[in-house]
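Engineer: Contents of protein.pdb (PDB, C-alpha atoms, pLDDT in the B column):
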```pdb
ATOM      1  CA  MET A1418      21.778 -11.162  50.096  1.00 43.00           C
ATOM      2  CA  ALA A1419      21.821  -7.404  49.565  1.00 48.00           C
ATOM      3  CA  GLY A1420      18.597  -5.840  48.279  1.00 50.00           C
ATOM      4  CA  PRO A1421      18.354  -4.109  44.886  1.00 51.00           C
ATOM      5  CA  ASN A1422      19.052  -0.646  46.349  1.00 58.00           C
ATOM      6  CA  VAL A1423      21.890  -1.684  48.671  1.00 52.00           C
ATOM      7  CA  PRO A1424      25.351  -1.340  47.090  1.00 58.00           C
ATOM      8  CA  THR A1425      27.739  -4.262  47.388  1.00 65.00           C
ATOM      9  CA  PRO A1426      30.410  -3.417  49.989  1.00 69.00           C
ATOM     10  CA  LYS A1427      33.761  -2.640  48.396  1.00 87.00           C
ATOM     11  CA  ILE A1428      36.993  -4.002  49.832  1.00 89.00           C
ATOM     12  CA  VAL A1429      40.157  -1.984  49.260  1.00 88.00           C
ATOM     13  CA  GLU A1430      43.132  -4.334  49.115  1.00 83.00           C
ATOM     14  CA  GLY A1431      46.232  -3.436  51.068  1.00 84.00           C
ATOM     15  CA  SER A1432      47.890  -4.083  54.400  1.00 89.00           C
ATOM     16  CA  PRO A1433      45.503  -4.460  56.071  1.00 96.00           C
ATOM     17  CA  PRO A1434      42.519  -4.549  53.657  1.00 96.00           C
ATOM     18  CA  GLU A1435      39.862  -1.862  54.179  1.00 97.00           C
ATOM     19  CA  LEU A1436      36.085  -1.960  53.789  1.00 97.00           C
ATOM     20  CA  VAL A1437      34.437   1.086  52.199  1.00 97.00           C
ATOM     21  CA  VAL A1438      31.548   1.761  54.585  1.00 96.00           C
ATOM     22  CA  TYR A1439      30.274   5.010  52.996  1.00 94.00           C
ATOM     23  CA  ASP A1440      30.756   6.478  49.531  1.00 95.00           C
ATOM     24  CA  ARG A1441      28.312   8.959  48.062  1.00 94.00           C
ATOM     25  CA  GLU A1442      28.325  12.546  46.867  1.00 94.00           C
ATOM     26  CA  GLN A1443      27.176  15.191  49.342  1.00 91.00           C
ATOM     27  CA  THR A1444      27.144  18.935  49.897  1.00 91.00           C
ATOM     28  CA  CYS A1445      30.688  20.106  50.536  1.00 91.00           C
ATOM     29  CA  PRO A1446      31.230  20.981  54.229  1.00 85.00           C
ATOM     30  CA  TYR A1447      34.015  23.429  53.315  1.00 88.00           C
ATOM     31  CA  LEU A1448      33.166  25.311  50.111  1.00 91.00           C
ATOM     32  CA  LYS A1449      29.830  26.789  49.080  1.00 88.00           C
ATOM     33  CA  ASP A1450      28.115  25.364  45.997  1.00 89.00           C
ATOM     34  CA  GLN A1451      30.580  22.475  45.724  1.00 92.00           C
ATOM     35  CA  THR A1452      29.873  18.742  45.755  1.00 93.00           C
ATOM     36  CA  ALA A1453      32.054  16.555  47.961  1.00 94.00           C
ATOM     37  CA  ARG A1454      32.872  12.862  47.934  1.00 95.00           C
ATOM     38  CA  LEU A1455      34.654  11.526  51.006  1.00 94.00           C
ATOM     39  CA  PRO A1456      34.703   7.709  50.933  1.00 96.00           C
ATOM     40  CA  LEU A1457      35.048   6.293  54.451  1.00 97.00           C
ATOM     41  CA  ARG A1458      37.275   3.227  54.744  1.00 97.00           C
ATOM     42  CA  LEU A1459      37.343   0.919  57.766  1.00 97.00           C
ATOM     43  CA  PRO A1460      40.629  -1.006  58.260  1.00 97.00           C
ATOM     44  CA  SER A1461      40.099  -4.680  59.009  1.00 96.00           C
ATOM     45  CA  ARG A1462      42.264  -4.338  62.120  1.00 97.00           C
ATOM     46  CA  PRO A1463      44.143  -1.594  64.015  1.00 98.00           C
ATOM     47  CA  LEU A1464      46.992  -0.070  62.019  1.00 98.00           C
ATOM     48  CA  SER A1465      50.638  -0.408  62.987  1.00 98.00           C
ATOM     49  CA  PRO A1466      52.664   2.846  63.165  1.00 98.00           C
ATOM     50  CA  GLU A1467      54.286   2.019  59.823  1.00 98.00           C
ATOM     51  CA  GLU A1468      50.957   1.230  58.145  1.00 98.00           C
ATOM     52  CA  PHE A1469      49.423   4.438  59.436  1.00 98.00           C
ATOM     53  CA  GLY A1470      52.483   6.400  58.314  1.00 98.00           C
ATOM     54  CA  LEU A1471      52.008   5.184  54.737  1.00 97.00           C
ATOM     55  CA  ARG A1472      48.410   6.391  54.819  1.00 98.00           C
ATOM     56  CA  LEU A1473      49.398   9.837  56.089  1.00 98.00           C
ATOM     57  CA  GLU A1474      52.029  10.023  53.333  1.00 98.00           C
ATOM     58  CA  ARG A1475      49.364   9.507  50.664  1.00 97.00           C
ATOM     59  CA  GLY A1476      46.998  12.082  52.168  1.00 97.00           C
ATOM     60  CA  ASP A1477      44.646  10.081  54.404  1.00 98.00           C
ATOM     61  CA  ARG A1478      42.897  11.556  57.417  1.00 98.00           C
ATOM     62  CA  ARG A1479      41.279   9.676  60.311  1.00 98.00           C
ATOM     63  CA  GLN A1480      37.847  10.141  61.905  1.00 96.00           C
ATOM     64  CA  GLY A1481      36.963   7.633  64.601  1.00 97.00           C
ATOM     65  CA  PHE A1482      37.683   4.132  63.334  1.00 98.00           C
ATOM     66  CA  VAL A1483      37.641   5.137  59.648  1.00 98.00           C
ATOM     67  CA  LEU A1484      40.032   6.762  57.181  1.00 98.00           C
ATOM     68  CA  TYR A1485      39.124   9.141  54.358  1.00 97.00           C
ATOM     69  CA  ARG A1486      40.668  11.071  51.520  1.00 95.00           C
ATOM     70  CA  PRO A1487      38.736  13.600  49.392  1.00 94.00           C
ATOM     71  CA  SER A1488      37.768  12.235  45.981  1.00 94.00           C
ATOM     72  CA  CYS A1489      35.481  15.001  44.812  1.00 94.00           C
ATOM     73  CA  PRO A1490      34.038  15.414  41.301  1.00 91.00           C
ATOM     74  CA  GLY A1491      35.464  18.475  39.592  1.00 87.00           C
ATOM     75  CA  CYS A1492      37.299  19.906  42.611  1.00 92.00           C
ATOM     76  CA  VAL A1493      40.807  19.432  44.035  1.00 93.00           C
ATOM     77  CA  ALA A1494      40.754  22.272  46.564  1.00 94.00           C
ATOM     78  CA  CYS A1495      41.582  19.991  49.529  1.00 95.00           C
ATOM     79  CA  GLU A1496      45.358  19.744  49.872  1.00 97.00           C
ATOM     80  CA  PRO A1497      46.974  17.689  52.660  1.00 98.00           C
ATOM     81  CA  ILE A1498      49.522  19.852  54.487  1.00 98.00           C
ATOM     82  CA  ARG A1499      52.421  19.046  56.811  1.00 98.00           C
ATOM     83  CA  LEU A1500      55.299  20.742  58.631  1.00 98.00           C
ATOM     84  CA  GLN A1501      58.821  19.518  59.134  1.00 98.00           C
ATOM     85  CA  ALA A1502      59.459  18.816  62.816  1.00 98.00           C
ATOM     86  CA  ASP A1503      62.351  21.309  62.764  1.00 98.00           C
ATOM     87  CA  TYR A1504      59.922  24.127  61.838  1.00 98.00           C
ATOM     88  CA  THR A1505      61.041  27.489  63.270  1.00 97.00           C
ATOM     89  CA  PRO A1506      58.190  29.606  64.736  1.00 97.00           C
ATOM     90  CA  ASN A1507      57.948  33.208  63.599  1.00 97.00           C
ATOM     91  CA  THR A1508      57.969  36.148  66.013  1.00 97.00           C
ATOM     92  CA  GLY A1509      54.221  36.081  66.684  1.00 97.00           C
ATOM     93  CA  GLN A1510      54.187  32.329  67.200  1.00 97.00           C
ATOM     94  CA  ARG A1511      57.098  32.511  69.643  1.00 98.00           C
ATOM     95  CA  ARG A1512      55.122  35.108  71.600  1.00 98.00           C
ATOM     96  CA  ILE A1513      52.108  32.773  71.728  1.00 98.00           C
ATOM     97  CA  LEU A1514      54.347  29.915  72.881  1.00 98.00           C
ATOM     98  CA  ARG A1515      55.858  31.958  75.698  1.00 98.00           C
ATOM     99  CA  LYS A1516      52.469  33.188  76.884  1.00 98.00           C
ATOM    100  CA  GLY A1517      50.968  29.711  76.779  1.00 98.00           C
ATOM    101  CA  ASP A1518      53.898  28.186  78.632  1.00 98.00           C
ATOM    102  CA  ALA A1519      53.461  30.820  81.343  1.00 98.00           C
ATOM    103  CA  GLN A1520      49.683  30.472  81.763  1.00 98.00           C
ATOM    104  CA  LEU A1521      48.746  26.950  80.649  1.00 98.00           C
ATOM    105  CA  THR A1522      49.511  23.474  81.936  1.00 98.00           C
ATOM    106  CA  MET A1523      49.580  20.728  79.310  1.00 98.00           C
ATOM    107  CA  ARG A1524      48.821  17.094  80.133  1.00 98.00           C
ATOM    108  CA  MET A1525      49.168  14.082  77.854  1.00 98.00           C
ATOM    109  CA  GLY A1526      47.091  10.919  78.098  1.00 98.00           C
ATOM    110  CA  PRO A1527      44.645   8.642  76.283  1.00 98.00           C
ATOM    111  CA  PRO A1528      41.560  10.292  74.730  1.00 98.00           C
ATOM    112  CA  VAL A1529      38.611  10.376  77.115  1.00 96.00           C
ATOM    113  CA  VAL A1530      35.035  11.601  76.985  1.00 98.00           C
ATOM    114  CA  ASP A1531      33.344  13.577  79.745  1.00 98.00           C
ATOM    115  CA  ALA A1532      30.890  16.431  80.147  1.00 98.00           C
ATOM    116  CA  ARG A1533      33.521  19.191  80.107  1.00 98.00           C
ATOM    117  CA  ARG A1534      35.136  17.962  76.885  1.00 98.00           C
ATOM    118  CA  VAL A1535      31.755  17.695  75.165  1.00 98.00           C
ATOM    119  CA  GLN A1536      30.940  21.207  76.379  1.00 97.00           C
ATOM    120  CA  LEU A1537      34.226  22.569  75.009  1.00 97.00           C
ATOM    121  CA  TYR A1538      33.595  20.905  71.656  1.00 96.00           C
ATOM    122  CA  ASN A1539      30.098  22.372  71.361  1.00 95.00           C
ATOM    123  CA  ILE A1540      30.863  25.920  72.479  1.00 94.00           C
ATOM    124  CA  HIS A1541      33.925  26.024  70.232  1.00 92.00           C
ATOM    125  CA  LYS A1542      31.799  24.937  67.251  1.00 88.00           C
ATOM    126  CA  SER A1543      28.988  27.335  68.086  1.00 83.00           C
ATOM    127  CA  GLU A1544      30.850  30.516  69.006  1.00 79.00           C
ATOM    128  CA  ARG A1545      33.300  30.207  66.086  1.00 70.00           C
ATOM    129  CA  ASN A1546      30.457  29.600  63.598  1.00 61.00           C
ATOM    130  CA  LEU A1547      31.704  26.115  62.680  1.00 61.00           C
ATOM    131  CA  ARG A1548      28.477  24.182  63.252  1.00 53.00           C
ATOM    132  CA  ASP A1549      27.156  24.290  59.642  1.00 65.00           C
ATOM    133  CA  GLY A1550      23.611  23.565  60.799  1.00 66.00           C
ATOM    134  CA  GLN A1551      24.625  20.477  62.774  1.00 78.00           C
ATOM    135  CA  PRO A1552      23.081  19.870  66.222  1.00 87.00           C
ATOM    136  CA  PRO A1553      25.279  19.845  69.340  1.00 92.00           C
ATOM    137  CA  ILE A1554      27.241  16.641  69.843  1.00 94.00           C
ATOM    138  CA  ASP A1555      26.568  14.342  72.810  1.00 97.00           C
ATOM    139  CA  GLU A1556      28.950  12.017  74.653  1.00 97.00           C
ATOM    140  CA  ASP A1557      28.319   9.130  72.242  1.00 98.00           C
ATOM    141  CA  GLY A1558      29.007  11.349  69.246  1.00 97.00           C
ATOM    142  CA  TYR A1559      32.157  12.731  70.846  1.00 97.00           C
ATOM    143  CA  ARG A1560      33.362   9.190  71.574  1.00 98.00           C
ATOM    144  CA  ASP A1561      32.702   8.053  68.002  1.00 97.00           C
ATOM    145  CA  PHE A1562      34.476  11.070  66.505  1.00 96.00           C
ATOM    146  CA  LEU A1563      37.460  11.673  68.792  1.00 97.00           C
ATOM    147  CA  VAL A1564      37.979   8.753  71.180  1.00 97.00           C
ATOM    148  CA  ALA A1565      37.399   5.717  68.938  1.00 98.00           C
ATOM    149  CA  THR A1566      40.487   5.069  66.802  1.00 98.00           C
ATOM    150  CA  CYS A1567      42.234   2.601  64.502  1.00 98.00           C
ATOM    151  CA  CYS A1568      45.793   3.745  65.320  1.00 98.00           C
ATOM    152  CA  ASP A1569      47.969   5.085  68.135  1.00 98.00           C
ATOM    153  CA  THR A1570      46.061   8.117  69.441  1.00 98.00           C
ATOM    154  CA  PHE A1571      46.534  10.408  72.431  1.00 98.00           C
ATOM    155  CA  GLU A1572      45.067  13.589  73.893  1.00 98.00           C
ATOM    156  CA  LEU A1573      46.726  16.836  74.915  1.00 98.00           C
ATOM    157  CA  SER A1574      44.659  18.715  77.485  1.00 98.00           C
ATOM    158  CA  TYR A1575      45.271  22.359  78.395  1.00 98.00           C
ATOM    159  CA  TYR A1576      44.456  23.819  81.796  1.00 98.00           C
ATOM    160  CA  ARG A1577      44.374  27.436  82.917  1.00 97.00           C
ATOM    161  CA  ASP A1578      44.775  27.243  86.673  1.00 95.00           C
ATOM    162  CA  LYS A1579      42.652  24.136  87.384  1.00 94.00           C
ATOM    163  CA  THR A1580      40.111  24.634  84.602  1.00 97.00           C
ATOM    164  CA  LEU A1581      40.232  22.573  81.404  1.00 98.00           C
ATOM    165  CA  VAL A1582      40.174  25.159  78.594  1.00 98.00           C
ATOM    166  CA  GLY A1583      41.244  23.159  75.536  1.00 98.00           C
ATOM    167  CA  ILE A1584      41.986  19.716  74.133  1.00 98.00           C
ATOM    168  CA  ALA A1585      43.818  18.395  71.086  1.00 98.00           C
ATOM    169  CA  ILE A1586      43.542  14.874  69.678  1.00 98.00           C
ATOM    170  CA  CYS A1587      46.707  13.564  67.995  1.00 98.00           C
ATOM    171  CA  ASP A1588      47.617  10.421  66.050  1.00 98.00           C
ATOM    172  CA  ARG A1589      51.122   8.967  65.928  1.00 98.00           C
ATOM    173  CA  SER A1590      52.832   7.010  63.148  1.00 98.00           C
ATOM    174  CA  HIS A1591      56.393   5.709  62.972  1.00 98.00           C
ATOM    175  CA  ASP A1592      57.712   9.065  61.719  1.00 98.00           C
ATOM    176  CA  ALA A1593      55.025  11.689  62.357  1.00 98.00           C
ATOM    177  CA  LEU A1594      52.229  13.130  64.432  1.00 98.00           C
ATOM    178  CA  SER A1595      48.890  13.994  62.882  1.00 98.00           C
ATOM    179  CA  ALA A1596      46.821  16.813  64.390  1.00 98.00           C
ATOM    180  CA  VAL A1597      43.290  15.361  64.305  1.00 98.00           C
ATOM    181  CA  TYR A1598      41.223  17.995  66.092  1.00 96.00           C
ATOM    182  CA  CYS A1599      41.618  20.886  68.522  1.00 96.00           C
ATOM    183  CA  CYS A1600      38.893  22.749  70.389  1.00 96.00           C
ATOM    184  CA  TYR A1601      39.015  25.264  73.195  1.00 96.00           C
ATOM    185  CA  ASP A1602      36.943  27.694  75.195  1.00 96.00           C
ATOM    186  CA  PRO A1603      36.486  30.834  73.023  1.00 92.00           C
ATOM    187  CA  ARG A1604      36.621  32.914  76.207  1.00 93.00           C
ATOM    188  CA  GLU A1605      40.332  32.038  76.322  1.00 95.00           C
ATOM    189  CA  ALA A1606      40.967  33.436  72.849  1.00 93.00           C
ATOM    190  CA  ASP A1607      43.771  35.638  74.189  1.00 96.00           C
ATOM    191  CA  LEU A1608      45.909  32.494  74.574  1.00 97.00           C
ATOM    192  CA  SER A1609      45.567  31.396  70.912  1.00 97.00           C
ATOM    193  CA  ILE A1610      45.281  27.792  72.061  1.00 97.00           C
ATOM    194  CA  GLY A1611      44.951  26.450  68.510  1.00 96.00           C
ATOM    195  CA  THR A1612      48.331  27.895  67.511  1.00 97.00           C
ATOM    196  CA  TYR A1613      49.854  27.025  70.874  1.00 98.00           C
ATOM    197  CA  SER A1614      48.774  23.401  70.467  1.00 98.00           C
ATOM    198  CA  ILE A1615      50.427  23.089  67.046  1.00 98.00           C
ATOM    199  CA  LEU A1616      53.664  24.491  68.451  1.00 98.00           C
ATOM    200  CA  LYS A1617      53.547  22.030  71.382  1.00 98.00           C
ATOM    201  CA  GLN A1618      52.932  19.132  68.984  1.00 98.00           C
ATOM    202  CA  LEU A1619      56.014  20.210  67.047  1.00 98.00           C
ATOM    203  CA  GLU A1620      57.968  20.126  70.308  1.00 98.00           C
ATOM    204  CA  ILE A1621      56.741  16.558  70.879  1.00 98.00           C
ATOM    205  CA  CYS A1622      57.800  15.611  67.337  1.00 98.00           C
ATOM    206  CA  ARG A1623      61.325  16.800  68.063  1.00 98.00           C
ATOM    207  CA  LYS A1624      61.427  15.114  71.480  1.00 98.00           C
ATOM    208  CA  TRP A1625      60.316  11.791  69.949  1.00 98.00           C
ATOM    209  CA  GLU A1626      62.616  12.259  66.925  1.00 98.00           C
ATOM    210  CA  LEU A1627      59.746  12.283  64.426  1.00 98.00           C
ATOM    211  CA  THR A1628      59.995  13.937  61.014  1.00 98.00           C
ATOM    212  CA  TYR A1629      56.600  15.573  60.336  1.00 98.00           C
ATOM    213  CA  LEU A1630      53.513  17.108  61.865  1.00 98.00           C
ATOM    214  CA  TYR A1631      50.480  16.661  59.594  1.00 98.00           C
ATOM    215  CA  LEU A1632      47.942  19.489  59.903  1.00 98.00           C
ATOM    216  CA  GLY A1633      45.115  17.916  57.905  1.00 96.00           C
ATOM    217  CA  LEU A1634      43.719  19.701  54.859  1.00 96.00           C
ATOM    218  CA  TYR A1635      44.513  23.180  53.571  1.00 96.00           C
ATOM    219  CA  ILE A1636      41.580  24.564  51.563  1.00 94.00           C
ATOM    220  CA  ALA A1637      41.949  27.916  49.829  1.00 92.00           C
ATOM    221  CA  GLY A1638      38.696  29.836  50.173  1.00 88.00           C
ATOM    222  CA  CYS A1639      37.684  28.160  53.437  1.00 89.00           C
ATOM    223  CA  SER A1640      38.352  30.535  56.329  1.00 82.00           C
ATOM    224  CA  SER A1641      38.483  27.767  58.935  1.00 84.00           C
ATOM    225  CA  MET A1642      41.240  25.957  56.974  1.00 88.00           C
ATOM    226  CA  GLU A1643      43.259  28.762  55.346  1.00 87.00           C
ATOM    227  CA  TYR A1644      45.159  29.560  58.560  1.00 90.00           C
ATOM    228  CA  LYS A1645      47.323  26.451  58.048  1.00 94.00           C
ATOM    229  CA  ALA A1646      49.169  28.081  55.151  1.00 93.00           C
ATOM    230  CA  ARG A1647      50.509  30.722  57.554  1.00 93.00           C
ATOM    231  CA  TYR A1648      52.978  28.151  58.863  1.00 97.00           C
ATOM    232  CA  LEU A1649      55.944  28.617  56.551  1.00 97.00           C
ATOM    233  CA  PRO A1650      57.701  26.760  55.146  1.00 98.00           C
ATOM    234  CA  HIS A1651      55.258  23.867  54.749  1.00 98.00           C
ATOM    235  CA  GLU A1652      54.588  21.032  52.312  1.00 98.00           C
ATOM    236  CA  ARG A1653      51.334  20.282  50.464  1.00 98.00           C
ATOM    237  CA  LEU A1654      50.405  17.136  48.564  1.00 98.00           C
ATOM    238  CA  LEU A1655      49.710  18.098  44.944  1.00 97.00           C
ATOM    239  CA  ASN A1656      49.071  15.483  42.245  1.00 93.00           C
ATOM    240  CA  GLY A1657      50.594  12.760  44.394  1.00 94.00           C
ATOM    241  CA  ARG A1658      53.787  14.701  45.218  1.00 97.00           C
ATOM    242  CA  TRP A1659      54.698  16.676  48.339  1.00 98.00           C
ATOM    243  CA  VAL A1660      55.624  20.220  47.278  1.00 98.00           C
ATOM    244  CA  ARG A1661      57.436  22.676  49.550  1.00 98.00           C
ATOM    245  CA  PHE A1662      56.067  26.230  49.930  1.00 97.00           C
ATOM    246  CA  GLU A1663      58.373  28.915  51.261  1.00 95.00           C
ATOM    247  CA  LYS A1664      55.877  31.790  51.032  1.00 85.00           C
TER     248      LYS A1664
END
```
Can the structure from this file be put into structure tokens for me?

Structural biologist:
Amino acid sequence: MAGPNVPTPKIVEGSPPELVVYDREQTCPYLKDQTARLPLRLPSRPLSPEEFGLRLERGDRRQGFVLYRPSCPGCVACEPIRLQADYTPNTGQRRILRKGDAQLTMRMGPPVVDARRVQLYNIHKSERNLRDGQPPIDEDGYRDFLVATCCDTFELSYYRDKTLVGIAICDRSHDALSAVYCCYDPREADLSIGTYSILKQLEICRKWELTYLYLGLYIAGCSSMEYKARYLPHERLLNGRWVRFEK
């Protein structure tokens, strides 16, 4: 029996049902002086492509085995954002794609954890001021965050010559890819690997005849998230409806 200070676990009905494993208010990781609430939901079994697609459609994101969707008191700044697979890159993006294709080799495979990937994750966080006071991640933390999954997940790895310089973790549903996380060696900033990776994921969407690429959350006022709105046109989920933005 749960003690007096232990909340009763909440089960979210659906297909499959989900267990809420964490739900409390906390300091917002994106916006200063804001309070966040990000309930973490653990599916009772791995999700089929169709089941995962329904969750992406309603704005869910995945982290390890769990799903989440912002449910913050007094703030709706987090807006899920997606691109149509037939997105046309602008002039600068086409330049990045050409340069990356000439200097990088991309490999696709299951997510793995090793010392180089953990190193890339940590130096990317540190040198781009994304750590927010958090300590460096270790192999167990990397595995829990990026390798563990409840859906169909794969890794794109980027090599310059024979050196691994970037990785991107992607989820797949029946009609979309979801860009989970991308990190790269800041010393390779001239290659714009973050942008290059999004453009390559769009290519995969078209090759696999998928409809969307989900980019996660757009958050106005958060410098590490605002870049997503530069991909135009795009769609953002507002009040339960996907709205198209041309500019």

Engineer: Show me, as a Markdown table, the residues of region 1583-1612 of chain A having an atom within 10 Å of region 1486-1505 of chain A, each with the closest atom pair and its distance in Å, using all atoms listed in the file.

Structural biologist:
```
| residue | atom | partner | partner_atom | distance |
| --- | --- | --- | --- | --- |
| A:Asp1592 | CA | A:Ala1502 | CA | 10.0 |
| A:Ala1593 | CA | A:Ala1502 | CA | 8.4 |
| A:Leu1594 | CA | A:Ala1502 | CA | 9.3 |
| A:Ser1595 | CA | A:Arg1499 | CA | 8.7 |
| A:Ala1596 | CA | A:Arg1499 | CA | 9.7 |
```

Engineer: At most 6 Å from (28.9, 23.9, 70.2), file frame, all atoms listed in the file: which residues, as a list in words?

Structural biologist: Tyr1538, Asn1539, Ile1540, His1541, Lys1542, Ser1543 and Pro1553 of chain A

Engineer: Pull out every residue that the PyMOL selection byres ((chain A and resi 1432) around 9) matches in the shown coordinates and put them as a list in words.

Structural biologist: Glu1430, Gly1431, Pro1433, Pro1434, Glu1435, Pro1460, Leu1464 and Glu1468 of chain A

Engineer: Selection from above, C-alpha atoms, as a tab-separated table (two decimals), in the frame of the given file, can you write it?

Structural biologist:
```
chain	number	residue	atom	x	y	z
A	1430	GLU	CA	43.13	-4.33	49.12
A	1431	GLY	CA	46.23	-3.44	51.07
A	1433	PRO	CA	45.50	-4.46	56.07
A	1434	PRO	CA	42.52	-4.55	53.66
A	1435	GLU	CA	39.86	-1.86	54.18
A	1460	PRO	CA	40.63	-1.01	58.26
A	1464	LEU	CA	46.99	-0.07	62.02
A	1468	GLU	CA	50.96	1.23	58.14
```

Engineer: Calculate how many Å separate CA of Arg1653 (chain A) from CA of Glu1442 (chain A), rounding to one decimal.

Structural biologist: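 Pair CA of Arg1653 (chain A) / CA of Glu1442 (chain A) returns 24.5 Å.
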
Engineer: Residues near Arg1479 (chain A), anyone? I mean within 12 Å using only C-alpha atoms, not counting same-chain ones fewer than 2 positions away, as a PyMOL selection string.

Structural biologist: chain A and resi 1455-1460+1464+1469-1470+1472-1473+1476-1477+1481-1487+1561-1570+1586-1589+1595-1598+1631-1634
